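Colleague: Once you've had a glance at the structure underneath, I'll fire off some questions.
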Amino acid sequence: MERAEAPSVRIEPWSDSDLELLRRANAPELMDHLGGPESPEQLIARHGRYVALSADREGRGRMYRIALPAEADAVGTIGFWERTWQGREVYETGWAVLPEFQGRGIASAATAAVAAQARAARRHRYLHAYPSVDNAASNGVCRRAGFLLRGECEIEYPPGHPLLTNDWRLDLHPERR
């Protein structure tokens with residue numbers, strides 16, 4: 001089976017003007033595997049965290065909007081941030097592509113782009129993703145982006161709510177072995 005060419009995507013740093021994109025990404029069909037949509041207050045707080053993370057110059061992470069050459073508006077969100085996982089500091093990534101743009105390889109291309117940004121930060125060796133075990137699309141993105149499946153695990157998302165996920169890991173610096 002011949003694989004389609006990856007779409008051309010840009011990831012652009014999150015800014016104050018991206019709150020509406022976050023509202024659009026808060027749709028029930030996009031938040032179904034994450035405990036459902038957030039309240040308006042939660043979205044405003046998340047937007048503030050995204051703006052602050054994107055202003056960080058220490059390499060702790062960054063949030064981005066996903067853009068396509070032929071589209072005036074952003075088509076999704078993606079980012080990476082630090083977390084402690086199993087006693088080790090790592091990066092985590094997560095994304096959302098608006099429903100009308102799904103199924104085109106956009107999330108996989110954006111994930112490859114964000115992995116390159118995390119790699120360039122040279123702060124952590126591993127980038128993890130934790131999609132719900134029931135989220136076939138996001139698990140497929142991890143597979144196509146070169147992550148290795150480490151197994152199932154339970155994380156809290158949102159905080160206080162256990163979520164059964166897969167632990168996918170990408171070695172950002174395999175030459176360091």
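Residues in the structure tokens are named by chain (A, B, ... in the order shown) and by number from 1 within that chain; ligands are numbered from 1 in the order shown.
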If you run DSSP over the backbone, which residues in region 68-177 of chain A end up alpha helix (DSSP H)? Put them as a compact mmCIF listing (two decimals) with C-alpha atoms, in the first residue's frame.
Modeller:
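The resulting states-v6.txt:
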```
# COMPACT_ATOMS: atom_id res chain seq x y z
CA ILE A 106 -1.94 16.94 9.74
CA ALA A 107 -1.52 15.72 13.33
CA SER A 108 1.32 13.36 12.35
CA ALA A 109 3.14 16.11 10.44
CA ALA A 110 2.67 18.59 13.29
CA THR A 111 3.89 15.96 15.79
CA ALA A 112 7.07 15.49 13.76
CA ALA A 113 7.54 19.27 13.74
CA VAL A 114 7.02 19.60 17.48
CA ALA A 115 9.43 16.70 18.11
CA ALA A 116 12.05 18.64 16.14
CA GLN A 117 11.45 21.67 18.38
CA ALA A 118 11.72 19.53 21.55
CA ARG A 119 14.91 17.96 20.17
CA ALA A 120 16.39 21.41 19.47
CA ALA A 121 15.72 22.48 23.06
CA ALA A 136 -7.39 5.04 17.86
CA ALA A 137 -6.63 8.21 15.87
CA SER A 138 -4.17 9.64 18.39
CA ASN A 139 -2.53 6.27 18.95
CA GLY A 140 -2.08 6.09 15.17
CA VAL A 141 -0.46 9.54 15.16
CA CYS A 142 2.09 8.29 17.70
CA ARG A 143 2.84 5.21 15.62
CA ARG A 144 3.25 7.21 12.39
```
Colleague: Which residues of region 61-116 of chain A have any atom within 12 Å of an atom in region 155-166 of chain A when counting only C-alpha atoms, and what is the closest pair of atoms for each, with the distance in Å to one decimal? Order the rows by chain and rising number and write it as JSON lines.
Modeller:
```
{"residue": "A:Arg83", "atom": "CA", "partner": "A:Ile155", "partner_atom": "CA", "distance": 11.9}
{"residue": "A:Thr84", "atom": "CA", "partner": "A:Ile155", "partner_atom": "CA", "distance": 11.9}
{"residue": "A:Trp85", "atom": "CA", "partner": "A:Ile155", "partner_atom": "CA", "distance": 10.1}
{"residue": "A:Gln86", "atom": "CA", "partner": "A:Ile155", "partner_atom": "CA", "distance": 11.5}
```
Colleague: What would the file look like if the residues just selected were written as a PDB file, in the first residue's frame with all heavy atoms?
Modeller:
```pdb
ATOM      1  N   ARG A  83       7.358  17.374  32.277  1.00  0.00           N
ATOM      2  CA  ARG A  83       6.643  16.662  33.332  1.00  0.00           C
ATOM      3  C   ARG A  83       7.608  15.658  33.935  1.00  0.00           C
ATOM      4  O   ARG A  83       8.586  15.271  33.302  1.00  0.00           O
ATOM      5  CB  ARG A  83       5.388  15.980  32.823  1.00  0.00           C
ATOM      6  CG  ARG A  83       5.648  14.680  32.085  1.00  0.00           C
ATOM      7  CD  ARG A  83       4.423  13.845  31.792  1.00  0.00           C
ATOM      8  NE  ARG A  83       3.856  13.313  33.006  1.00  0.00           N
ATOM      9  CZ  ARG A  83       2.576  13.074  33.202  1.00  0.00           C
ATOM     10  NH1 ARG A  83       1.711  13.291  32.247  1.00  0.00           N
ATOM     11  NH2 ARG A  83       2.130  12.597  34.324  1.00  0.00           N
ATOM     12  N   THR A  84       7.317  15.244  35.146  1.00  0.00           N
ATOM     13  CA  THR A  84       8.080  14.172  35.775  1.00  0.00           C
ATOM     14  C   THR A  84       7.318  12.883  35.509  1.00  0.00           C
ATOM     15  O   THR A  84       6.129  12.783  35.806  1.00  0.00           O
ATOM     16  CB  THR A  84       8.229  14.413  37.291  1.00  0.00           C
ATOM     17  OG1 THR A  84       8.881  15.669  37.479  1.00  0.00           O
ATOM     18  CG2 THR A  84       9.051  13.312  37.935  1.00  0.00           C
ATOM     19  N   TRP A  85       8.002  11.897  34.931  1.00  0.00           N
ATOM     20  CA  TRP A  85       7.392  10.621  34.615  1.00  0.00           C
ATOM     21  C   TRP A  85       8.298   9.514  35.113  1.00  0.00           C
ATOM     22  O   TRP A  85       9.455   9.417  34.706  1.00  0.00           O
ATOM     23  CB  TRP A  85       7.151  10.494  33.115  1.00  0.00           C
ATOM     24  CG  TRP A  85       6.508   9.218  32.719  1.00  0.00           C
ATOM     25  CD1 TRP A  85       7.053   8.220  31.971  1.00  0.00           C
ATOM     26  CD2 TRP A  85       5.196   8.764  33.070  1.00  0.00           C
ATOM     27  NE1 TRP A  85       6.163   7.188  31.820  1.00  0.00           N
ATOM     28  CE2 TRP A  85       5.004   7.497  32.489  1.00  0.00           C
ATOM     29  CE3 TRP A  85       4.160   9.313  33.828  1.00  0.00           C
ATOM     30  CZ2 TRP A  85       3.833   6.777  32.639  1.00  0.00           C
ATOM     31  CZ3 TRP A  85       2.992   8.588  33.965  1.00  0.00           C
ATOM     32  CH2 TRP A  85       2.834   7.336  33.377  1.00  0.00           C
ATOM     33  N   GLN A  86       7.774   8.731  36.046  1.00  0.00           N
ATOM     34  CA  GLN A  86       8.501   7.600  36.608  1.00  0.00           C
ATOM     35  C   GLN A  86       9.872   8.029  37.137  1.00  0.00           C
ATOM     36  O   GLN A  86      10.886   7.390  36.897  1.00  0.00           O
ATOM     37  CB  GLN A  86       8.608   6.467  35.583  1.00  0.00           C
ATOM     38  CG  GLN A  86       7.242   5.958  35.177  1.00  0.00           C
ATOM     39  CD  GLN A  86       7.271   4.918  34.078  1.00  0.00           C
ATOM     40  OE1 GLN A  86       8.209   4.817  33.296  1.00  0.00           O
ATOM     41  NE2 GLN A  86       6.208   4.124  34.020  1.00  0.00           N
TER      42      GLN A  86
END
```
Colleague: My list of candidates is A:Asp56, A:Trp95, A:Phe101, A:Leu68. Which is closest to Glu82 (chain A) when distances are computed with only C-alpha atoms?
Modeller: A:Asp56
Colleague: Taking the chain letters and numbering used in this document, name the residues of region 44-129 of chain A that DSSP puts in strand (DSSP E or B), as a ChimeraX atom specification.
Modeller: /A:61-67,76-85,88-97,126-129
Colleague: Using only C-alpha atoms, which of A:Tyr126, A:Pro99, A:Pro174, A:Ala55 sits nearest Met31 (chain A)?
Modeller: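 The answer is A:Pro99, which sits nearest to Met31 (chain A).
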Colleague: So what do you get for CA of Arg23 (chain A) versus CA of Phe147 (chain A), distance-wise?
Modeller: 28.6 Å
Colleague: Report the closest atom pair, with its distance in Å rounded to one decimal, for each residue of region 77-103 of chain A that has an atom no farther than 12 Å from region 35-49 of chain A; count only C-alpha atoms, sort by chain and then rising residue number, and write it as a tab-separated table.
Modeller:
```
residue	atom	partner	partner_atom	distance
A:Thr77	CA	A:His47	CA	11.4
A:Gly79	CA	A:Arg49	CA	11.7
A:Trp81	CA	A:Arg49	CA	10.9
```
Colleague: Those residues with N, CA, C and O atoms, as a PDB file, in the first residue's frame please?
Modeller:
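Dumped to again09.pdb:
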```pdb
ATOM      1  N   THR A  77      -4.047  22.606  17.420  1.00  0.00           N
ATOM      2  CA  THR A  77      -3.098  22.985  18.466  1.00  0.00           C
ATOM      3  C   THR A  77      -2.137  21.828  18.715  1.00  0.00           C
ATOM      4  O   THR A  77      -2.500  20.659  18.535  1.00  0.00           O
ATOM      5  N   GLY A  79       1.738  21.037  21.226  1.00  0.00           N
ATOM      6  CA  GLY A  79       2.785  21.602  22.058  1.00  0.00           C
ATOM      7  C   GLY A  79       3.573  20.524  22.758  1.00  0.00           C
ATOM      8  O   GLY A  79       3.302  19.325  22.605  1.00  0.00           O
ATOM      9  N   TRP A  81       5.748  20.104  26.752  1.00  0.00           N
ATOM     10  CA  TRP A  81       5.988  20.701  28.065  1.00  0.00           C
ATOM     11  C   TRP A  81       6.673  19.662  28.937  1.00  0.00           C
ATOM     12  O   TRP A  81       6.661  18.471  28.653  1.00  0.00           O
TER      13      TRP A  81
END
```
Colleague: Quote the spacing between CA of Glu154 (chain A) and CA of Ser132 (chain A) in Å to one decimal place.
Modeller: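 Separating CA of Glu154 (chain A) from CA of Ser132 (chain A) is a distance of 9.3 Å.
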Colleague: Pick out the residues sitting within 8 Å of Trp14 (chain A), and hand them over as a list of chain:residue names; count only C-alpha atoms, and ignore anything fewer than 4 positions along from it in its own chain.
Modeller: A:Asp18, A:Tyr50, A:Val51, A:Ser54, A:Arg62, A:Met63, A:Tyr64, A:Arg65
Colleague: Got a sec: who's within 12 Å of Asp171 (chain A), counting only C-alpha atoms, leaving out chain neighbours fewer than 5 positions off, as a PyMOL selection string?
Modeller: chain A and resi 90-91+115-116+118-119+122+124-129+145-149+176-177
Colleague: With only C-alpha atoms as the basis for distance, which of A:Glu92, A:Glu12, A:Glu20, A:Asp73 is at the shortest distance from Arg60 (chain A)?
Modeller: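 Using only C-alpha atoms, Arg60 (chain A) sits closest to A:Glu92.
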Colleague: Which residues are close to Gln102 (chain A), i.e. within 10 Å by only C-alpha atoms, leaving aside same-chain residues fewer than 6 positions away? Reply as an mmCIF file with C-alpha atoms, in the first residue's frame.
Modeller:
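After the write, part.cif holds the following:
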```
data_model
loop_
_atom_site.group_PDB
_atom_site.id
_atom_site.type_symbol
_atom_site.label_atom_id
_atom_site.label_comp_id
_atom_site.auth_asym_id
_atom_site.auth_seq_id
_atom_site.Cartn_x
_atom_site.Cartn_y
_atom_site.Cartn_z
ATOM 1 C CA VAL A 75 -6.452 24.175 12.054
ATOM 2 C CA GLY A 76 -5.315 22.814 15.410
ATOM 3 C CA ALA A 96 -5.908 18.579 18.647
ATOM 4 C CA ALA A 137 -6.631 8.207 15.869
#
```
Colleague: Mind giving me the straight-line distance from CA of Arg10 (chain A) to CA of Gly103 (chain A) in Å, one decimal?
Modeller: 17.1 Å
Colleague: Between A:Gly151, A:Pro7, A:Gly105, A:Pro13, which is the closest to Ala70 (chain A) once you count only C-alpha atoms?
Modeller: A:Pro7
